[in-house]
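Please read the structure below before turning to the comments.
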Amino acid sequence: MATRKRKSSRQRGRLIVVEGIDGSGKSTQIQLLRKWLEARGVKVVFTEWNSSALVREATKRGKKKNLLTPTTFSLLHATDFADRLTYDIIPYLKAGISVLADRYVYTAFARDIARGVDPRWVRDLYAFATKPDAAFYFKVPIDVAVKRILGARAKIKFYEAGMDLGMSNDPVEAFRLFQGRVLDEYDQLSGEYGFKVIDGTRSIDAQQRQVRDIVRRLYDGAAAA
Amino acid sequence: MTPAAKSSMRKRFFGHGIPYTDATGLEGALITIEGTDGVGRSTQVASLKQWLEVQGYGVIETGWTRSELMSETILAAKAGHSLNRLTFSLMYATDFADRLEKIVIPALRSGFVVLADRYVFTAFARSVVRGADPQWIRNVFGFALVPDMTLYLQIDADALLPRILQSRKIDFWEAGMDMHLGTDLYESARKYQWRLIREYNRMARQYGFISVDATLPADEIQARIRSKVSALLEERRLQTLTDNIESLRPLLFEETAPAVARDVARDVAREAETAKTDRDAAEPRPEREPTGDLPIVDPDKTRSTAPSDS
């Protein structure tokens with residue numbers, strides 16, 4: 001029994017998540033991490049926020065027709081997350097495959113609280129979530145994020161700018177205001193959940209080296225790495 | 001009468017509530033009808049709505065999984081059988097929140113009587129029998145308003161199933177087939193409904209439901225429901241009048257107040273006095289049929305009983 005238990009704990013996949021506001025560079029970093037892990041022979045899968053088929057139609061319709069309130073916005077994302085947790089995350093971890101998640105429950109905490117839901121309510125809502133082995137937070141000042149987003153795709157999305165809250169009719173200004181609030185929430189969460197904070201204004205390779213150093217330790221002593 | 005309605009007309013939330021929503025000024029009454037599948041809720045709601053409207057109340061009806069945002073998605077997900085306990089609960093919560101914020105709260109703010117066919121308790125029962133943490137599902141629905149009254153159509157599983165089968169088939173979900181309790185539909189339904197009903201009964205005590213025996217004839221059930229609802233609405237009317245008097249009292253004695261305001265204040269005071277006398281006279285017989293002038297008519301007599309809800 002004891003042997004079996006040790007074996008299964010060694011084989012369990014690692015859950016590694018990245019967090020940060022839009023334009024923080026977290027998606028670039030997680031893709032580089034994936035390349036490295038795969039090159040080292042670690043079995044990994046990747047999952048993205050808000051991507052399950054279950055509520056895709058409802059979310060699309062809700063956004064398009066502007067039906068969403070902060071509460072329904074939050075609940076739809078929780079449903080999406082629960083579906084992905086069930087099908088895309090937990091089975092892989094149990095099979096010894098590591099899961100890289102671009103955004104995790106902290107995204108919901110930060111955004112939904114910035115939208116005005118109760119901070120305790122949204123934490124309770126996600127009480128079923130598996131605790132990640134590492135949560136990286138890519139911290140950038142709001143101006144850097146805005147510059148990166150405008151440079152890359154020249155268009156800011158309605159909900160990313162929190163325009164449903166009506167803080168400003170100018171997308172760039174709304175983005176600045178809303179993501180500024182999200183940033184404040186992330187700073188709150190950082191201590192509470194022990195984020196590994198990465199300075200997102202440093203060079204891409206310098207950040208990646210820092211990330212890999214931390215991830216390497218997660219696999220120390222395990223057969224996989 | 002729930003203690004909350006007695007002490008104050010102010011609405012409360014079950015948990016942390018909706019911080020960006022003002023819960024004051026929700027003058028209408030929120031009445032919910034609970035009970036398991038096929039117990040006859042819809043028939044009773046339709047009949048109650050008709051009766052209230054004849055009396056002059058504005059009534060808005062809302063029912064489980066009927067939201068603009070989620071109803072199609074829930075139907076599709078149920079057809080695909082890909083739901084698990086978590087997503088099942090969360091989709092219901094999303095549907096519920098959409099109806100609460102878009103229909104229930106605005107209607108209450110405008111003074112309507114809101115009749116909810118199923119409420120959070122259905123979600124609690126379904127989640128808990130599927131193994132969810134009872135506290136978790138209650139936290140999830142912490143944004144819901146506490147109803148002014150919850151009517152509970154009570155039945156046991158052995159009486160329920162023959163009753164459903166007389167009008168239609170038992171469906172996959174109301175037999176709890178997702179719980180893998182067995183391959184025999186009837187036996188699975190019996191076990192599942194027995195567990196659900198046990199959960200409802202437990203909540204009936206915890207939350208102070210008004211239980212009505214669902215094996216009684218439909219018009220007898222309706223008479224009991226009307227008597228309870230009538231008492232609630234009367235109590236609320238008195239409370240409103242009392243509140244109005246309090247706010248108008250200064251005008252009654254204020255010489256400089258405009259004459260028209262003094263008249264309004266005097267009328268309200270008179271109406272409250274009459275209402276109070278009427279109620280005191282009725283006090284020894286609180287269970288009386290309150291309409292007097294209207295026979296109980298069931299607008300849905302021709303419809304088959306209890307359509308299945310999703």
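Here's how to read the names in the structure tokens: chain A, B, ... by the order shown, residue numbers from 1 in each chain, ligand numbers from 1 in the order shown.
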Please identify all residues of chain B having at least one atom at most 12 Å from any atom of chain A, considering only C-alpha atoms, and return them as a compact mmCIF listing (two decimals) with N, CA and C atoms, in the first residue's frame.
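Output contents, as saved in part-v7.txt:
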```txt
# COMPACT_ATOMS: atom_id res chain seq x y z
N PHE B 14 -29.39 35.52 0.61
CA PHE B 14 -29.01 34.32 1.35
C PHE B 14 -27.59 34.44 1.89
N GLY B 15 -26.70 35.02 1.07
CA GLY B 15 -25.29 35.07 1.47
C GLY B 15 -24.72 36.46 1.27
N HIS B 16 -23.64 36.51 0.51
CA HIS B 16 -22.95 37.79 0.33
C HIS B 16 -23.70 38.76 -0.58
N GLY B 17 -24.68 38.25 -1.31
CA GLY B 17 -25.51 39.13 -2.10
C GLY B 17 -24.86 39.63 -3.37
N ILE B 18 -25.46 40.69 -3.94
CA ILE B 18 -24.94 41.29 -5.16
C ILE B 18 -24.54 42.71 -4.79
N PRO B 19 -23.24 42.94 -4.56
CA PRO B 19 -22.82 44.24 -4.02
C PRO B 19 -23.24 45.43 -4.90
N TYR B 20 -23.31 45.24 -6.22
CA TYR B 20 -23.63 46.37 -7.09
C TYR B 20 -25.14 46.56 -7.27
N THR B 21 -25.94 45.76 -6.55
CA THR B 21 -27.40 45.90 -6.67
C THR B 21 -27.99 46.40 -5.36
N SER B 67 -34.16 31.12 -18.59
CA SER B 67 -33.50 32.39 -18.85
C SER B 67 -33.13 32.56 -20.32
N GLU B 68 -33.09 33.81 -20.74
CA GLU B 68 -32.70 34.11 -22.11
C GLU B 68 -31.26 33.65 -22.36
N LEU B 69 -30.44 33.84 -21.34
CA LEU B 69 -29.01 33.54 -21.49
C LEU B 69 -28.71 32.05 -21.61
N MET B 70 -29.39 31.24 -20.78
CA MET B 70 -28.93 29.85 -20.62
C MET B 70 -29.85 28.75 -21.09
N SER B 71 -31.12 29.04 -21.34
CA SER B 71 -32.05 27.92 -21.52
C SER B 71 -31.64 26.97 -22.65
N GLU B 72 -31.23 27.52 -23.79
CA GLU B 72 -30.83 26.66 -24.91
C GLU B 72 -29.60 25.82 -24.57
N THR B 73 -28.65 26.47 -23.91
CA THR B 73 -27.41 25.79 -23.56
C THR B 73 -27.67 24.63 -22.60
N ILE B 74 -28.56 24.86 -21.64
CA ILE B 74 -28.86 23.79 -20.68
C ILE B 74 -29.55 22.62 -21.36
N LEU B 75 -30.50 22.94 -22.23
CA LEU B 75 -31.19 21.86 -22.94
C LEU B 75 -30.21 21.03 -23.77
N ALA B 76 -29.31 21.72 -24.47
CA ALA B 76 -28.34 21.01 -25.30
C ALA B 76 -27.41 20.16 -24.45
N ALA B 77 -26.98 20.73 -23.32
CA ALA B 77 -26.06 20.00 -22.45
C ALA B 77 -26.73 18.77 -21.85
N LYS B 78 -28.01 18.91 -21.52
CA LYS B 78 -28.73 17.76 -20.94
C LYS B 78 -28.91 16.67 -21.99
N ALA B 79 -29.13 17.08 -23.22
CA ALA B 79 -29.31 16.11 -24.29
C ALA B 79 -28.00 15.36 -24.53
N GLY B 80 -26.88 16.08 -24.37
CA GLY B 80 -25.59 15.47 -24.64
C GLY B 80 -25.04 14.64 -23.50
N HIS B 81 -25.65 14.72 -22.31
CA HIS B 81 -25.22 13.94 -21.14
C HIS B 81 -23.76 14.17 -20.77
N SER B 82 -23.23 15.35 -21.07
CA SER B 82 -21.83 15.58 -20.73
C SER B 82 -21.70 16.33 -19.41
N LEU B 83 -22.84 16.61 -18.78
CA LEU B 83 -22.79 17.39 -17.54
C LEU B 83 -22.31 16.54 -16.38
N ASN B 84 -21.56 17.14 -15.51
CA ASN B 84 -21.27 16.49 -14.25
C ASN B 84 -21.86 17.34 -13.14
N ARG B 85 -21.68 16.88 -11.91
CA ARG B 85 -22.29 17.55 -10.76
C ARG B 85 -21.97 19.04 -10.72
N LEU B 86 -20.70 19.38 -10.98
CA LEU B 86 -20.29 20.78 -10.88
C LEU B 86 -20.92 21.64 -11.97
N THR B 87 -20.77 21.18 -13.21
CA THR B 87 -21.28 22.00 -14.32
C THR B 87 -22.81 22.07 -14.27
N PHE B 88 -23.43 20.98 -13.88
CA PHE B 88 -24.87 20.93 -13.67
C PHE B 88 -25.30 22.06 -12.71
N SER B 89 -24.66 22.10 -11.56
CA SER B 89 -25.00 23.11 -10.54
C SER B 89 -24.71 24.53 -11.03
N LEU B 90 -23.58 24.69 -11.70
CA LEU B 90 -23.17 26.04 -12.09
C LEU B 90 -24.02 26.58 -13.25
N MET B 91 -24.46 25.69 -14.13
CA MET B 91 -25.34 26.15 -15.20
C MET B 91 -26.70 26.60 -14.64
N TYR B 92 -27.20 25.84 -13.68
CA TYR B 92 -28.44 26.26 -13.02
C TYR B 92 -28.25 27.62 -12.34
N ALA B 93 -27.09 27.78 -11.72
CA ALA B 93 -26.83 29.04 -11.00
C ALA B 93 -26.78 30.21 -11.98
N THR B 94 -26.19 29.97 -13.15
CA THR B 94 -26.10 31.03 -14.15
C THR B 94 -27.49 31.40 -14.65
N ASP B 95 -28.27 30.37 -14.96
CA ASP B 95 -29.65 30.60 -15.40
C ASP B 95 -30.43 31.37 -14.33
N PHE B 96 -30.25 30.95 -13.10
CA PHE B 96 -30.97 31.57 -11.99
C PHE B 96 -30.57 33.04 -11.84
N ALA B 97 -29.27 33.30 -11.92
CA ALA B 97 -28.78 34.68 -11.75
C ALA B 97 -29.32 35.57 -12.86
N ASP B 98 -29.35 35.04 -14.07
CA ASP B 98 -29.85 35.83 -15.20
C ASP B 98 -31.31 36.22 -14.95
N ARG B 99 -32.11 35.26 -14.52
CA ARG B 99 -33.53 35.56 -14.27
C ARG B 99 -33.70 36.47 -13.06
N LEU B 100 -32.86 36.25 -12.04
CA LEU B 100 -32.96 37.09 -10.83
C LEU B 100 -32.70 38.56 -11.16
N GLU B 101 -31.61 38.79 -11.91
CA GLU B 101 -31.22 40.19 -12.18
C GLU B 101 -32.04 40.83 -13.28
N LYS B 102 -32.48 40.02 -14.25
CA LYS B 102 -33.18 40.60 -15.40
C LYS B 102 -34.70 40.61 -15.22
N ALA B 132 -22.55 16.90 -3.79
CA ALA B 132 -21.89 18.20 -3.58
C ALA B 132 -21.88 18.54 -2.09
N ASP B 133 -20.92 19.35 -1.71
CA ASP B 133 -20.87 19.87 -0.36
C ASP B 133 -22.06 20.83 -0.18
N GLN B 135 -22.67 23.12 1.86
CA GLN B 135 -22.30 24.51 2.11
C GLN B 135 -21.82 25.19 0.83
N TRP B 136 -21.11 24.43 0.01
CA TRP B 136 -20.62 25.01 -1.25
C TRP B 136 -21.78 25.50 -2.12
N ILE B 137 -22.78 24.66 -2.31
CA ILE B 137 -23.87 25.06 -3.21
C ILE B 137 -24.67 26.23 -2.60
N ARG B 138 -24.75 26.28 -1.29
CA ARG B 138 -25.42 27.42 -0.65
C ARG B 138 -24.61 28.70 -0.84
N ASN B 139 -23.30 28.58 -0.76
CA ASN B 139 -22.45 29.75 -1.01
C ASN B 139 -22.61 30.26 -2.44
N VAL B 140 -22.65 29.30 -3.38
CA VAL B 140 -22.78 29.69 -4.79
C VAL B 140 -24.03 30.55 -4.98
N PHE B 141 -25.11 30.15 -4.34
CA PHE B 141 -26.37 30.89 -4.47
C PHE B 141 -26.51 32.01 -3.43
N GLY B 142 -25.39 32.44 -2.89
CA GLY B 142 -25.41 33.51 -1.90
C GLY B 142 -25.91 34.83 -2.45
N PHE B 143 -25.99 34.94 -3.80
CA PHE B 143 -26.49 36.17 -4.43
C PHE B 143 -28.01 36.19 -4.53
N ALA B 144 -28.67 35.10 -4.13
CA ALA B 144 -30.13 35.01 -4.30
C ALA B 144 -30.88 35.72 -3.18
```
Please report, as a list of chain:residue names, each residue of region 30-212 of chain A to which DSSP assigns strand (DSSP E or B) when run on this structure's backbone.
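Answer for region 30-212 of chain A restricted to strand (DSSP E or B) is A:Val44, A:Val45, A:Phe46, A:Thr47, A:Glu48, A:Ser98, A:Val99, A:Leu100, A:Ala101, A:Asp102, A:Ala134, A:Ala135, A:Phe136, A:Tyr137, A:Phe138, A:Lys139, A:Lys196, A:Val197, A:Ile198, A:Asp199.
Shortest separation to Leu33 (chain A) among A:Arg217, A:Lys147, A:Arg209, A:Lys155 occurs at residue A:Arg209, atoms counted being only C-alpha atoms.
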Show me, as an MDAnalysis selection string, the residues that have an atom within 8 Å of Thr62 (chain B) when counting only C-alpha atoms, minus same-chain residues fewer than 2 positions from it.
chainID B and resid 60 64 66 99 103:104 114:117
Those residues with N, CA and C atoms, as a PDB file, in the first residue's frame please?
```pdb
ATOM      1  N   ILE B  60     -45.679  38.415 -12.096  1.00  0.00           N
ATOM      2  CA  ILE B  60     -44.660  37.960 -13.042  1.00  0.00           C
ATOM      3  C   ILE B  60     -44.277  36.551 -12.636  1.00  0.00           C
ATOM      4  N   TRP B  64     -37.679  27.627 -13.645  1.00  0.00           N
ATOM      5  CA  TRP B  64     -36.382  26.982 -13.759  1.00  0.00           C
ATOM      6  C   TRP B  64     -35.927  26.860 -15.210  1.00  0.00           C
ATOM      7  N   ARG B  66     -35.459  28.907 -17.560  1.00  0.00           N
ATOM      8  CA  ARG B  66     -36.146  29.647 -18.617  1.00  0.00           C
ATOM      9  C   ARG B  66     -35.423  30.940 -18.994  1.00  0.00           C
ATOM     10  N   ARG B  99     -32.114  35.261 -14.518  1.00  0.00           N
ATOM     11  CA  ARG B  99     -33.530  35.556 -14.269  1.00  0.00           C
ATOM     12  C   ARG B  99     -33.697  36.471 -13.057  1.00  0.00           C
ATOM     13  N   ILE B 103     -35.226  39.694 -14.426  1.00  0.00           N
ATOM     14  CA  ILE B 103     -36.690  39.591 -14.296  1.00  0.00           C
ATOM     15  C   ILE B 103     -37.159  39.837 -12.856  1.00  0.00           C
ATOM     16  N   VAL B 104     -36.640  39.044 -11.935  1.00  0.00           N
ATOM     17  CA  VAL B 104     -37.191  39.052 -10.569  1.00  0.00           C
ATOM     18  C   VAL B 104     -36.980  40.401  -9.868  1.00  0.00           C
ATOM     19  N   VAL B 114     -43.988  38.226  -7.599  1.00  0.00           N
ATOM     20  CA  VAL B 114     -43.208  37.315  -8.446  1.00  0.00           C
ATOM     21  C   VAL B 114     -43.449  35.881  -7.978  1.00  0.00           C
ATOM     22  N   LEU B 115     -43.927  35.057  -8.907  1.00  0.00           N
ATOM     23  CA  LEU B 115     -44.125  33.639  -8.608  1.00  0.00           C
ATOM     24  C   LEU B 115     -43.000  32.852  -9.257  1.00  0.00           C
ATOM     25  N   ALA B 116     -42.193  32.211  -8.454  1.00  0.00           N
ATOM     26  CA  ALA B 116     -41.073  31.442  -8.999  1.00  0.00           C
ATOM     27  C   ALA B 116     -41.366  29.954  -8.890  1.00  0.00           C
ATOM     28  N   ASP B 117     -41.469  29.324 -10.068  1.00  0.00           N
ATOM     29  CA  ASP B 117     -41.694  27.887 -10.133  1.00  0.00           C
ATOM     30  C   ASP B 117     -40.321  27.223  -9.976  1.00  0.00           C
TER      31      ASP B 117
END
```
Tyr137 (chain A): which residues within 7 Å, counting only C-alpha atoms, same-chain residues fewer than 3 positions away excluded, as a PyMOL selection string?
chain A and resi 18-20+195-198
Which neighbours of Val42 (chain A) fall inside 12 Å, counting only C-alpha atoms, when residues of the same chain fewer than 4 positions from it are skipped, and could you give them as a ChimeraX atom specification?
/A:11-14,33-38,96-100,215-216,219,222-225
Would you mind listing what lies within 8 Å of Asp156 (chain B) as an NGL selection string, with only C-alpha atoms counted and same-chain residues fewer than 3 positions away left out?
:B and (159-160 or 194 or 197)
Neighbour list for Arg226 (chain B) as a PyMOL selection string, cut-off 7 Å, only C-alpha atoms, skip fewer than 4 positions in-chain:
chain B and resi 48+222+230
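In this model, the gap between CA of Ala101 (chain A) and CA of Ala134 (chain A) comes to 10.5 Å.
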